[in-house]
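Asks: Provided below: final-v2.pdb, containing PDB, C-alpha atoms.
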```
MODEL        1
ATOM      1  CA  MET A1398     144.939 132.394  56.801
ATOM      2  CA  ALA A1399     141.419 132.114  55.453
ATOM      3  CA  THR A1400     138.967 129.583  56.893
ATOM      4  CA  PRO A1401     135.483 128.512  55.723
ATOM      5  CA  ILE A1402     132.625 131.012  55.975
ATOM      6  CA  GLY A1403     130.131 128.197  56.460
ATOM      7  CA  ASN A1404     130.834 124.932  54.684
ATOM      8  CA  LEU A1405     133.706 123.197  56.508
ATOM      9  CA  ALA A1406     134.876 121.622  53.246
ATOM     10  CA  ASP A1407     135.807 125.038  51.857
ATOM     11  CA  ILE A1408     139.378 124.990  53.115
ATOM     12  CA  SER A1409     142.507 124.344  51.107
ATOM     13  CA  ALA A1410     144.882 121.417  51.562
ATOM     14  CA  ARG A1411     147.643 123.951  52.160
ATOM     15  CA  ALA A1412     145.666 125.584  54.977
ATOM     16  CA  ILE A1413     144.993 122.240  56.698
ATOM     17  CA  ALA A1414     148.655 121.241  56.419
ATOM     18  CA  THR A1415     149.743 124.600  57.816
ATOM     19  CA  LEU A1416     147.311 124.467  60.733
ATOM     20  CA  ALA A1417     148.562 120.991  61.582
ATOM     21  CA  GLY A1418     152.207 121.976  61.264
ATOM     22  CA  VAL A1419     152.461 125.196  63.281
ATOM     23  CA  ASP A1420     153.166 125.334  67.013
ATOM     24  CA  LEU A1421     150.178 127.547  67.845
ATOM     25  CA  ILE A1422     146.994 128.878  66.255
ATOM     26  CA  ALA A1423     145.703 132.319  67.250
ATOM     27  CA  CYS A1424     141.952 132.401  66.736
ATOM     28  CA  GLU A1425     138.983 134.633  67.420
ATOM     29  CA  ASP A1426     136.979 132.055  69.397
ATOM     30  CA  THR A1427     138.703 128.862  70.583
ATOM     31  CA  ARG A1428     135.434 126.890  70.698
ATOM     32  CA  HIS A1429     134.554 127.809  67.117
ATOM     33  CA  ALA A1430     138.079 127.080  65.888
ATOM     34  CA  ARG A1431     138.236 123.749  67.704
ATOM     35  CA  HIS A1432     135.110 122.579  65.836
ATOM     36  CA  LEU A1433     136.839 123.282  62.501
ATOM     37  CA  LEU A1434     140.126 121.703  63.565
ATOM     38  CA  GLU A1435     138.514 118.552  64.943
ATOM     39  CA  HIS A1436     136.584 118.151  61.686
ATOM     40  CA  HIS A1437     139.902 118.023  59.827
ATOM     41  CA  GLY A1438     141.839 116.061  62.470
ATOM     42  CA  VAL A1439     144.071 118.941  63.580
ATOM     43  CA  THR A1440     145.172 119.003  67.241
ATOM     44  CA  THR A1441     147.362 122.127  67.336
ATOM     45  CA  ARG A1442     147.174 124.263  70.499
ATOM     46  CA  LEU A1443     144.912 127.343  70.384
ATOM     47  CA  ILE A1444     145.150 130.843  71.841
ATOM     48  CA  ALA A1445     142.376 133.444  71.786
ATOM     49  CA  LEU A1446     142.985 136.664  69.849
ATOM     50  CA  HIS A1447     139.976 138.950  69.520
ATOM     51  CA  GLN A1448     139.121 142.652  69.490
ATOM     52  CA  HIS A1449     139.300 142.941  73.285
ATOM     53  CA  ASN A1450     142.742 141.401  73.807
ATOM     54  CA  GLU A1451     144.503 141.926  70.481
ATOM     55  CA  ALA A1452     147.279 144.203  71.757
ATOM     56  CA  GLU A1453     148.231 141.813  74.558
ATOM     57  CA  ALA A1454     147.881 138.718  72.364
ATOM     58  CA  ALA A1455     149.984 140.268  69.597
ATOM     59  CA  GLN A1456     152.841 140.805  72.029
ATOM     60  CA  LYS A1457     152.582 137.185  73.135
ATOM     61  CA  LEU A1458     152.746 136.039  69.505
ATOM     62  CA  ASN A1459     155.813 138.197  68.915
ATOM     63  CA  ASP A1460     157.519 136.572  71.903
ATOM     64  CA  LEU A1461     156.731 133.114  70.522
ATOM     65  CA  LEU A1462     157.953 134.035  67.043
ATOM     66  CA  ALA A1463     161.146 135.460  68.511
ATOM     67  CA  ALA A1464     161.672 132.116  70.239
ATOM     68  CA  GLY A1465     161.497 130.363  66.865
ATOM     69  CA  GLN A1466     157.942 129.036  67.021
ATOM     70  CA  ALA A1467     155.546 129.086  64.058
ATOM     71  CA  VAL A1468     152.105 130.670  64.553
ATOM     72  CA  ALA A1469     148.969 130.722  62.388
ATOM     73  CA  LEU A1470     146.309 133.425  62.628
ATOM     74  CA  ILE A1471     142.666 132.729  61.761
ATOM     75  CA  SER A1472     139.302 134.378  62.400
ATOM     76  CA  ASP A1473     135.948 132.695  62.957
ATOM     77  CA  ALA A1474     135.173 132.773  59.238
ATOM     78  CA  GLY A1475     136.810 134.016  56.070
ATOM     79  CA  THR A1476     140.011 136.031  55.930
ATOM     80  CA  PRO A1477     141.351 137.570  59.161
ATOM     81  CA  ALA A1478     142.070 141.310  59.460
ATOM     82  CA  VAL A1479     139.245 142.154  57.014
ATOM     83  CA  SER A1480     136.270 143.330  59.079
ATOM     84  CA  ASP A1481     137.682 140.982  61.730
ATOM     85  CA  PRO A1482     140.485 141.170  64.307
ATOM     86  CA  GLY A1483     144.027 140.681  63.047
ATOM     87  CA  ALA A1484     145.173 143.895  61.350
ATOM     88  CA  ARG A1485     146.886 145.243  64.479
ATOM     89  CA  THR A1486     148.504 141.868  65.082
ATOM     90  CA  VAL A1487     149.844 141.696  61.534
ATOM     91  CA  ALA A1488     151.227 145.235  61.875
ATOM     92  CA  ALA A1489     152.902 144.405  65.196
ATOM     93  CA  VAL A1490     154.430 141.188  63.862
ATOM     94  CA  ARG A1491     155.762 142.912  60.760
ATOM     95  CA  ALA A1492     157.125 145.799  62.832
ATOM     96  CA  ALA A1493     159.035 143.281  64.952
ATOM     97  CA  GLY A1494     160.705 141.975  61.810
ATOM     98  CA  HIS A1495     158.863 138.669  61.518
ATOM     99  CA  ARG A1496     157.611 137.322  58.188
ATOM    100  CA  VAL A1497     153.859 137.300  57.519
ATOM    101  CA  VAL A1498     152.700 134.769  54.919
ATOM    102  CA  PRO A1499     149.103 135.074  53.614
ATOM    103  CA  LEU A1500     147.202 131.863  52.857
ATOM    104  CA  PRO A1501     144.273 132.850  50.609
ATOM    105  CA  GLY A1502     140.894 131.241  50.656
ATOM    106  CA  PRO A1503     137.224 131.905  51.473
ATOM    107  CA  SER A1504     135.967 135.488  51.456
ATOM    108  CA  ALA A1505     132.300 136.367  51.920
ATOM    109  CA  THR A1506     132.769 139.565  49.904
ATOM    110  CA  VAL A1507     134.269 137.918  46.825
ATOM    111  CA  ALA A1508     131.908 134.939  47.009
ATOM    112  CA  ALA A1509     128.884 137.239  47.136
ATOM    113  CA  LEU A1510     130.118 139.511  44.349
ATOM    114  CA  SER A1511     130.788 136.530  42.081
ATOM    115  CA  ALA A1512     127.115 135.541  42.315
ATOM    116  CA  ALA A1513     125.644 139.064  42.352
ATOM    117  CA  GLY A1514     125.632 139.802  38.635
ATOM    118  CA  LEU A1515     126.139 143.539  39.172
ATOM    119  CA  ALA A1516     127.401 145.410  36.121
ATOM    120  CA  ASP A1517     129.763 147.699  38.056
ATOM    121  CA  THR A1518     133.418 147.235  37.138
ATOM    122  CA  ARG A1519     134.600 148.469  40.551
ATOM    123  CA  PHE A1520     133.463 147.873  44.116
ATOM    124  CA  LEU A1521     134.042 149.450  47.515
ATOM    125  CA  PHE A1522     134.098 147.184  50.555
ATOM    126  CA  VAL A1523     132.396 149.144  53.349
ATOM    127  CA  GLY A1524     131.864 146.316  55.842
ATOM    128  CA  PHE A1525     129.614 146.976  58.821
ATOM    129  CA  LEU A1526     127.883 150.350  58.958
ATOM    130  CA  PRO A1527     127.494 152.155  62.319
ATOM    131  CA  ALA A1528     124.813 150.677  64.564
ATOM    132  CA  LYS A1529     123.219 154.048  65.404
ATOM    133  CA  PRO A1530     120.758 155.282  62.737
ATOM    134  CA  GLY A1531     122.108 158.835  62.565
ATOM    135  CA  ALA A1532     125.710 157.769  62.118
ATOM    136  CA  ARG A1533     124.653 155.081  59.638
ATOM    137  CA  ARG A1534     122.854 157.575  57.410
ATOM    138  CA  THR A1535     125.703 160.058  57.624
ATOM    139  CA  GLU A1536     128.162 157.442  56.387
ATOM    140  CA  LEU A1537     125.801 156.422  53.579
ATOM    141  CA  GLU A1538     125.449 160.042  52.469
ATOM    142  CA  GLY A1539     129.188 160.071  51.845
ATOM    143  CA  LEU A1540     128.818 157.097  49.488
ATOM    144  CA  VAL A1541     125.899 158.342  47.371
ATOM    145  CA  ALA A1542     127.954 159.644  44.452
ATOM    146  CA  LEU A1543     130.417 156.744  44.154
ATOM    147  CA  GLU A1544     130.301 155.044  40.758
ATOM    148  CA  ALA A1545     131.155 151.640  42.233
ATOM    149  CA  ALA A1546     129.196 148.772  43.767
ATOM    150  CA  LEU A1547     128.979 149.081  47.553
ATOM    151  CA  VAL A1548     129.502 145.965  49.676
ATOM    152  CA  PHE A1549     128.219 145.806  53.239
ATOM    153  CA  TYR A1550     128.105 143.204  56.008
ATOM    154  CA  GLU A1551     125.138 143.154  58.365
ATOM    155  CA  ALA A1552     123.795 141.153  61.290
ATOM    156  CA  PRO A1553     120.241 139.753  61.349
ATOM    157  CA  HIS A1554     118.971 142.035  64.116
ATOM    158  CA  ARG A1555     119.856 145.172  62.098
ATOM    159  CA  ILE A1556     119.210 144.078  58.519
ATOM    160  CA  SER A1557     115.723 145.614  58.227
ATOM    161  CA  GLU A1558     116.827 149.004  59.571
ATOM    162  CA  MET A1559     119.904 148.960  57.377
ATOM    163  CA  ILE A1560     117.926 148.197  54.211
ATOM    164  CA  ALA A1561     115.469 151.009  55.040
ATOM    165  CA  ASP A1562     118.349 153.469  55.355
ATOM    166  CA  LEU A1563     119.969 152.253  52.117
ATOM    167  CA  CYS A1564     116.702 152.904  50.309
ATOM    168  CA  ALA A1565     116.182 156.311  51.909
ATOM    169  CA  VAL A1566     119.699 157.581  51.243
ATOM    170  CA  LEU A1567     120.772 155.851  48.020
ATOM    171  CA  GLY A1568     117.343 155.794  46.394
ATOM    172  CA  PRO A1569     114.761 153.068  45.663
ATOM    173  CA  GLU A1570     115.782 152.605  42.018
ATOM    174  CA  ARG A1571     119.241 151.164  42.671
ATOM    175  CA  GLN A1572     119.733 147.407  42.425
ATOM    176  CA  VAL A1573     120.485 145.550  45.651
ATOM    177  CA  VAL A1574     121.697 141.970  45.986
ATOM    178  CA  ILE A1575     121.083 140.363  49.371
ATOM    179  CA  ALA A1576     123.178 137.279  50.088
ATOM    180  CA  ARG A1577     122.450 135.422  53.319
ATOM    181  CA  GLU A1578     123.974 132.310  54.863
ATOM    182  CA  LEU A1579     126.570 131.954  52.092
ATOM    183  CA  THR A1580     127.868 128.372  51.621
ATOM    184  CA  LYS A1581     125.499 127.131  54.348
ATOM    185  CA  LEU A1582     122.433 124.908  54.137
ATOM    186  CA  PHE A1583     119.934 127.749  53.739
ATOM    187  CA  GLU A1584     122.008 129.957  51.435
ATOM    188  CA  GLN A1585     119.903 132.514  49.581
ATOM    189  CA  ILE A1586     120.847 135.222  47.067
ATOM    190  CA  VAL A1587     118.240 137.620  45.693
ATOM    191  CA  SER A1588     118.494 140.639  43.399
ATOM    192  CA  LEU A1589     115.844 143.350  43.308
ATOM    193  CA  PRO A1590     115.388 147.145  43.353
ATOM    194  CA  LEU A1591     116.155 148.718  46.733
ATOM    195  CA  GLY A1592     112.575 149.992  46.873
ATOM    196  CA  GLU A1593     111.300 146.383  47.009
ATOM    197  CA  ALA A1594     113.858 145.010  49.487
ATOM    198  CA  ALA A1595     111.974 145.897  52.684
ATOM    199  CA  ASP A1596     108.880 144.027  51.473
ATOM    200  CA  TRP A1597     111.020 141.005  50.567
ATOM    201  CA  LEU A1598     112.525 140.894  54.067
ATOM    202  CA  ALA A1599     109.073 141.195  55.663
ATOM    203  CA  ALA A1600     107.530 138.485  53.478
ATOM    204  CA  ASP A1601     109.176 135.593  55.336
ATOM    205  CA  ALA A1602     110.681 135.410  58.838
ATOM    206  CA  ASN A1603     113.534 133.320  57.419
ATOM    207  CA  HIS A1604     114.590 136.214  55.201
ATOM    208  CA  VAL A1605     116.001 138.105  58.209
ATOM    209  CA  ARG A1606     117.973 135.173  59.608
ATOM    210  CA  GLY A1607     121.658 134.499  59.204
ATOM    211  CA  GLU A1608     124.673 136.607  58.308
ATOM    212  CA  PHE A1609     124.307 139.018  55.397
ATOM    213  CA  VAL A1610     126.387 140.427  52.585
ATOM    214  CA  VAL A1611     124.461 143.291  50.971
ATOM    215  CA  MET A1612     125.616 144.729  47.640
ATOM    216  CA  VAL A1613     124.194 147.864  46.019
ATOM    217  CA  SER A1614     124.851 149.052  42.489
ATOM    218  CA  GLY A1615     126.922 152.206  42.173
ATOM    219  CA  ALA A1616     125.703 155.684  41.345
ATOM    220  CA  PRO A1617     124.688 156.090  37.695
ATOM    221  CA  ARG A1618     127.584 157.409  35.629
ATOM    222  CA  ARG A1619     127.136 161.102  35.032
ATOM    223  CA  ASP A1620     127.177 162.489  31.504
ATOM    224  CA  GLU A1621     129.903 165.118  31.776
ATOM    225  CA  SER A1622     128.399 166.970  28.839
ATOM    226  CA  GLU A1623     125.443 167.903  31.050
ATOM    227  CA  LEU A1624     125.364 170.282  33.996
ATOM    228  CA  ASP A1625     122.861 170.084  36.811
ATOM    229  CA  ALA A1626     120.895 173.153  37.850
ATOM    230  CA  ALA A1627     123.126 173.943  40.835
ATOM    231  CA  ALA A1628     126.334 173.861  38.784
ATOM    232  CA  LEU A1629     124.824 176.048  36.059
ATOM    233  CA  ARG A1630     123.547 178.599  38.581
ATOM    234  CA  THR A1631     126.942 178.716  40.291
ATOM    235  CA  LEU A1632     128.665 179.255  36.960
ATOM    236  CA  LYS A1633     126.325 182.120  36.011
ATOM    237  CA  LEU A1634     126.875 183.875  39.333
ATOM    238  CA  LEU A1635     130.645 183.600  39.032
ATOM    239  CA  LEU A1636     130.637 184.742  35.403
ATOM    240  CA  ALA A1637     129.031 187.988  36.503
ATOM    241  CA  GLU A1638     132.129 188.808  38.560
ATOM    242  CA  LEU A1639     135.058 186.831  37.114
ATOM    243  CA  PRO A1640     136.782 186.096  33.812
ATOM    244  CA  THR A1641     135.492 183.026  31.953
ATOM    245  CA  LYS A1642     138.394 180.662  32.699
ATOM    246  CA  GLN A1643     138.545 181.599  36.381
ATOM    247  CA  ALA A1644     134.755 181.311  36.772
ATOM    248  CA  ALA A1645     134.756 177.814  35.227
ATOM    249  CA  LYS A1646     137.644 176.661  37.429
ATOM    250  CA  LEU A1647     136.045 177.965  40.626
ATOM    251  CA  ALA A1648     132.607 176.565  39.703
ATOM    252  CA  SER A1649     134.224 173.150  39.189
ATOM    253  CA  GLN A1650     135.867 173.315  42.612
ATOM    254  CA  ILE A1651     132.580 174.296  44.262
ATOM    255  CA  THR A1652     130.223 171.857  42.527
ATOM    256  CA  GLY A1653     132.457 168.973  41.423
ATOM    257  CA  ALA A1654     131.258 169.325  37.827
ATOM    258  CA  SER A1655     133.707 168.933  34.945
ATOM    259  CA  LYS A1656     135.885 172.037  34.479
ATOM    260  CA  ASN A1657     135.979 171.498  30.719
ATOM    261  CA  THR A1658     132.197 171.232  30.512
ATOM    262  CA  LEU A1659     131.780 174.349  32.646
ATOM    263  CA  TYR A1660     134.261 176.271  30.515
ATOM    264  CA  ALA A1661     132.508 175.266  27.301
ATOM    265  CA  ARG A1662     129.161 176.332  28.725
ATOM    266  CA  ALA A1663     130.667 179.594  29.991
ATOM    267  CA  ILE A1664     131.843 180.393  26.447
ATOM    268  CA  GLU A1665     128.304 179.751  25.177
ATOM    269  CA  LEU A1666     126.817 182.024  27.807
ATOM    270  CA  LYS A1667     129.308 184.790  27.046
ATOM    271  CA  THR A1668     128.663 184.701  23.291
ATOM    272  CA  ASN A1669     124.852 184.516  23.478
TER     273      ASN A1669
ENDMDL
END
```
Could you render the structure as structure tokens?
Replies:
Amino acid sequence: MATPIGNLADISARAIATLAGVDLIACEDTRHARHLLEHHGVTTRLIALHQHNEAEAAQKLNDLLAAGQAVALISDAGTPAVSDPGARTVAAVRAAGHRVVPLPGPSATVAALSAAGLADTRFLFVGFLPAKPGARRTELEGLVALEAALVFYEAPHRISEMIADLCAVLGPERQVVIARELTKLFEQIVSLPLGEAADWLAADANHVRGEFVVMVSGAPRRDESELDAAALRTLKLLLAELPTKQAAKLASQITGASKNTLYARAIELKTN
């Protein structure tokens, strides 16, 4: 079930009643969870379930469920099993034939997107990028052409490097929305071109503090009636050796350009 991402009041009455009514709560960090439970007067027993012990803990939960006990699963903040431990546990519990009931609630991704004002009609949740610069840039290169908003999580000690790589790979003209400390006392949400984001972070030491959700506008929608230079060159080379229809089809497979647009242009080239 989902728990607050910052403000302890952001939890549903159903979630509180469930946490108070189950036999056991599996949580990422027992100290963190106990603070939330004490705030709401819940005294249910806790068990740790995190990325280092998930396989063992999942088996223990299955044993408890088989014995007829009720168990709740939470993470430190937001919805478990989404960029947090829990997915393997859910899979193991379902595989054992036990019912899994989702209790919706706080999500940093949805909260940030709702305040971002990005025009994209679709989004891709990426989560945390690789910590190593080379791997981070490689993953970003695979996202360059996506016509959807990109949603990332980042920690304060890597936010500056991550923003620099976003700018270098995706381009300085794209819009970025940086949301930090969502629902907390020092919540801040800013929208600016990626090319200005590094300066904004450097302008105030507080700008690099807290937990971050970073959202970047998607790639500009391509006009399929236009061909870039590489696609046109590929088409011309293939037309010199192949029939029109086959050349257009193969050029589309090689470049990713629209087959119909390539075919129409091939007809023009053949008749001129």
Asks: From the list A:Pro1401, A:Pro1530, A:Gly1438, A:Pro1590, which residue is nearest Pro1477 of chain A when using all atoms listed in the file?
Replies: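 That would be A:Pro1401, the residue with the smallest distance to Pro1477 of chain A.
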Asks: Between A:Ile1408, A:Leu1434, A:Gly1524, A:Arg1534, which has the minimum distance to Gly1475 of chain A (counting only C-alpha atoms)?
Replies: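 Of A:Ile1408, A:Leu1434, A:Gly1524, A:Arg1534, the one nearest Gly1475 of chain A, counting only C-alpha atoms, is A:Ile1408.
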Asks: Take the PyMOL selection byres ((chain A and resi 1509) around 9), apply it to the structure above, and return the hits as a list in words.
Replies: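 When the PyMOL selection byres ((chain A and resi 1509) around 9) is applied to the shown file, the picked residues are Ser1504, Ala1505, Thr1506, Val1507, Ala1508, Leu1510, Ser1511, Ala1512, Ala1513, Val1574, Ile1575, Ala1576, Leu1579, Ile1586, Val1610, Val1611 and Met1612 of chain A.
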Asks: Take the PyMOL selection byres ((chain A and resi 1556-1561) around 9), run it mentally on this structure, and tell me the resulting residues as a ChimeraX atom specification.
Replies: /A:1526,1528,1530,1533,1551-1555,1562-1566,1591-1592,1594-1595,1598-1599,1605,1609,1611
Asks: What residues come out when you apply the PyMOL selection byres ((chain A and resi 1423-1428) around 8) to this file, written as a list of chain:residue names?
Replies: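 With the PyMOL selection byres ((chain A and resi 1423-1428) around 8) on this model, the match is A:Leu1421, A:Ile1422, A:His1429, A:Ala1430, A:Arg1431, A:His1432, A:Leu1443, A:Ile1444, A:Ala1445, A:Leu1446, A:His1447, A:Val1468, A:Ala1469, A:Leu1470, A:Ile1471, A:Ser1472, A:Asp1473, A:Pro1482.
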Asks: Once 4 Å is added on each side, what are the centre and the three edge lengths, in Å to one decimal, of the axis-aligned box enclosing the listed atoms of segment 1592-1603 of chain A? Present them as AutoDock Vina command-line options.
Replies:
```
--center_x 110.7 --center_y 141.7 --center_z 52.9 --size_x 14.3 --size_y 24.7 --size_z 20.0
```
Asks: If we count only C-alpha atoms and set the cut-off at 9 Å, which residues sit around Arg1662 of chain A, ignoring sequence neighbours fewer than 5 positions away in its own chain? Please answer as a PyMOL selection string.
Replies: chain A and resi 1624+1629+1632+1645+1657+1667
Asks: With all atoms listed in the file counted, which protein, DNA or RNA residues have an atom no more than 12 Å from (149.3, 130.9, 49.7) in the file frame? Please answer as a PyMOL selection string.
Replies: chain A and resi 1398-1399+1409-1415+1497-1502
Asks: For the point (133.6, 176.2, 38.6) in the file's frame, write as a compact mmCIF listing (two decimals) with C-alpha atoms, keeping the file's coordinate frame all residues with an atom no more than 10 Å away, counting all atoms listed in the file.
Replies:
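Final output, saved to out_4.txt:
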```
# COMPACT_ATOMS: atom_id res chain seq x y z
CA ALA A 1628 126.33 173.86 38.78
CA LEU A 1629 124.82 176.05 36.06
CA THR A 1631 126.94 178.72 40.29
CA LEU A 1632 128.66 179.26 36.96
CA LYS A 1633 126.32 182.12 36.01
CA LEU A 1635 130.65 183.60 39.03
CA LEU A 1636 130.64 184.74 35.40
CA THR A 1641 135.49 183.03 31.95
CA LYS A 1642 138.39 180.66 32.70
CA GLN A 1643 138.54 181.60 36.38
CA ALA A 1644 134.76 181.31 36.77
CA ALA A 1645 134.76 177.81 35.23
CA LYS A 1646 137.64 176.66 37.43
CA LEU A 1647 136.04 177.96 40.63
CA ALA A 1648 132.61 176.56 39.70
CA SER A 1649 134.22 173.15 39.19
CA GLN A 1650 135.87 173.32 42.61
CA ILE A 1651 132.58 174.30 44.26
CA THR A 1652 130.22 171.86 42.53
CA GLY A 1653 132.46 168.97 41.42
CA ALA A 1654 131.26 169.32 37.83
CA SER A 1655 133.71 168.93 34.94
CA LYS A 1656 135.88 172.04 34.48
CA ASN A 1657 135.98 171.50 30.72
CA THR A 1658 132.20 171.23 30.51
CA LEU A 1659 131.78 174.35 32.65
CA TYR A 1660 134.26 176.27 30.52
CA ALA A 1663 130.67 179.59 29.99
```
Asks: For each of A:Val1613, A:Ala1452, A:Ala1637, A:Gly1531, take the minimum atom-to-atom distance to Phe1549 of chain A, counting only C-alpha atoms, then give the residue where this is smallest.
Replies: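 The shortest atom-to-atom distance to Phe1549 of chain A comes from A:Val1613.
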Asks: Which is closer to Glu1536 of chain A than all the others in A:Leu1405, A:Ala1417, A:Ala1488, A:Leu1567, using all atoms listed in the file?
Replies: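 Between A:Leu1405, A:Ala1417, A:Ala1488, A:Leu1567, the residue approaching Glu1536 of chain A most closely is A:Leu1567.
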Asks: Could you give me, as a PyMOL selection string, the residues within 7 Å of Val1523 of chain A, counting all atoms listed in the file and dropping anything in the same chain fewer than 2 positions from it?
Replies: chain A and resi 1521+1525+1547-1549
Asks: Using only C-alpha atoms, please write the residues we just selected to a file, as a short mmCIF file (atom, residue, chain, number, x, y, z; two decimals), in the coordinates of the input.
Replies:
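Output below, filename result09.cif:
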```cif
data_model
loop_
_atom_site.label_atom_id
_atom_site.label_comp_id
_atom_site.auth_asym_id
_atom_site.auth_seq_id
_atom_site.Cartn_x
_atom_site.Cartn_y
_atom_site.Cartn_z
CA LEU A 1521 134.04 149.45 47.52
CA PHE A 1525 129.61 146.98 58.82
CA LEU A 1547 128.98 149.08 47.55
CA VAL A 1548 129.50 145.96 49.68
CA PHE A 1549 128.22 145.81 53.24
#
```
Asks: For atom CA of Arg1496 of chain A and atom CA of Gly1403 of chain A, quote the distance in Å rounded to one decimal.
Replies: 29.0 Å
Asks: Of the candidates A:Leu1458, A:Ala1616, A:Ala1493, A:Ala1661, which shows the shortest atom-to-atom distance to Asp1517 of chain A, using all atoms listed in the file?
Replies: A:Ala1616
Asks: Would you please work out which residue, of A:Ala1546, A:Arg1571, A:Arg1485, A:Thr1535, is nearest to Arg1519 of chain A when using all atoms listed in the file?
Replies: A:Ala1546
Asks: When you look at Glu1544 of chain A with a cut-off of 7 Å (counting all atoms listed in the file), what residues show up, excluding the ones that are within fewer than 2 positions of it in the same chain? I need them as a list in words.
Replies: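 In the requested format, the answer is Ala1542, Gly1615, Ala1616, Pro1617 and Arg1618 of chain A.
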Asks: Compile the contact shell of segment 1461-1465 of chain A as a PyMOL selection string: residues with an atom at most 10 Å away, counting all atoms listed in the file, same-chain residues fewer than 4 positions apart removed.
Replies: chain A and resi 1420-1421+1455-1457+1490+1493-1496
Asks: Please dump the current selection as an mmCIF file, in the frame of the given file; keep C-alpha atoms.
Replies:
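To be explicit, this is the file written out as out36.cif:
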```
data_model
loop_
_atom_site.group_PDB
_atom_site.id
_atom_site.type_symbol
_atom_site.label_atom_id
_atom_site.label_comp_id
_atom_site.auth_asym_id
_atom_site.auth_seq_id
_atom_site.Cartn_x
_atom_site.Cartn_y
_atom_site.Cartn_z
ATOM 1 C CA ASP A 1420 153.166 125.334 67.013
ATOM 2 C CA LEU A 1421 150.178 127.547 67.845
ATOM 3 C CA ALA A 1455 149.984 140.268 69.597
ATOM 4 C CA GLN A 1456 152.841 140.805 72.029
ATOM 5 C CA LYS A 1457 152.582 137.185 73.135
ATOM 6 C CA VAL A 1490 154.430 141.188 63.862
ATOM 7 C CA ALA A 1493 159.035 143.281 64.952
ATOM 8 C CA GLY A 1494 160.705 141.975 61.810
ATOM 9 C CA HIS A 1495 158.863 138.669 61.518
ATOM 10 C CA ARG A 1496 157.611 137.322 58.188
#
```
Asks: What is the atom CA of Thr1440 of chain A to atom CA of Gly1418 of chain A distance in Å?
Replies: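 Between these atoms lies a distance of 9.7 Å.
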Asks: Save segment 1444-1480 of chain A of the structure in the block above to a file, with C-alpha atoms included, as an mmCIF file, in the first residue's frame.
Replies:
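What follows is the written file selection-v6.cif:
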```cif
data_model
loop_
_atom_site.group_PDB
_atom_site.id
_atom_site.type_symbol
_atom_site.label_atom_id
_atom_site.label_comp_id
_atom_site.auth_asym_id
_atom_site.auth_seq_id
_atom_site.Cartn_x
_atom_site.Cartn_y
_atom_site.Cartn_z
ATOM 1 C CA ILE A 1444 9.337 -6.849 9.724
ATOM 2 C CA ALA A 1445 12.089 -5.496 7.474
ATOM 3 C CA LEU A 1446 11.839 -6.179 3.737
ATOM 4 C CA HIS A 1447 14.406 -4.395 1.590
ATOM 5 C CA GLN A 1448 16.522 -4.983 -1.512
ATOM 6 C CA HIS A 1449 19.102 -7.050 0.382
ATOM 7 C CA ASN A 1450 16.737 -9.535 2.032
ATOM 8 C CA GLU A 1451 13.681 -9.538 -0.226
ATOM 9 C CA ALA A 1452 13.898 -13.180 -1.329
ATOM 10 C CA GLU A 1453 14.171 -14.458 2.243
ATOM 11 C CA ALA A 1454 11.537 -12.044 3.565
ATOM 12 C CA ALA A 1455 9.105 -12.948 0.780
ATOM 13 C CA GLN A 1456 9.289 -16.603 1.769
ATOM 14 C CA LYS A 1457 8.595 -15.664 5.379
ATOM 15 C CA LEU A 1458 5.545 -13.654 4.295
ATOM 16 C CA ASN A 1459 4.279 -16.592 2.251
ATOM 17 C CA ASP A 1460 4.568 -18.833 5.312
ATOM 18 C CA LEU A 1461 2.581 -16.330 7.381
ATOM 19 C CA LEU A 1462 -0.084 -15.965 4.696
ATOM 20 C CA ALA A 1463 -0.359 -19.737 4.416
ATOM 21 C CA ALA A 1464 -0.977 -19.824 8.165
ATOM 22 C CA GLY A 1465 -3.920 -17.453 7.720
ATOM 23 C CA GLN A 1466 -2.292 -14.203 8.820
ATOM 24 C CA ALA A 1467 -2.848 -10.870 7.060
ATOM 25 C CA VAL A 1468 0.222 -8.889 5.945
ATOM 26 C CA ALA A 1469 0.644 -5.343 4.613
ATOM 27 C CA LEU A 1470 3.572 -4.259 2.447
ATOM 28 C CA ILE A 1471 4.840 -0.667 2.450
ATOM 29 C CA SER A 1472 7.991 1.159 1.364
ATOM 30 C CA ASP A 1473 9.614 4.178 2.989
ATOM 31 C CA ALA A 1474 7.600 6.561 0.819
ATOM 32 C CA GLY A 1475 5.040 6.330 -1.946
ATOM 33 C CA THR A 1476 3.934 3.118 -3.616
ATOM 34 C CA PRO A 1477 5.996 -0.048 -3.046
ATOM 35 C CA ALA A 1478 7.418 -2.074 -5.956
ATOM 36 C CA VAL A 1479 7.814 1.080 -8.094
ATOM 37 C CA SER A 1480 11.488 2.074 -7.980
#
```
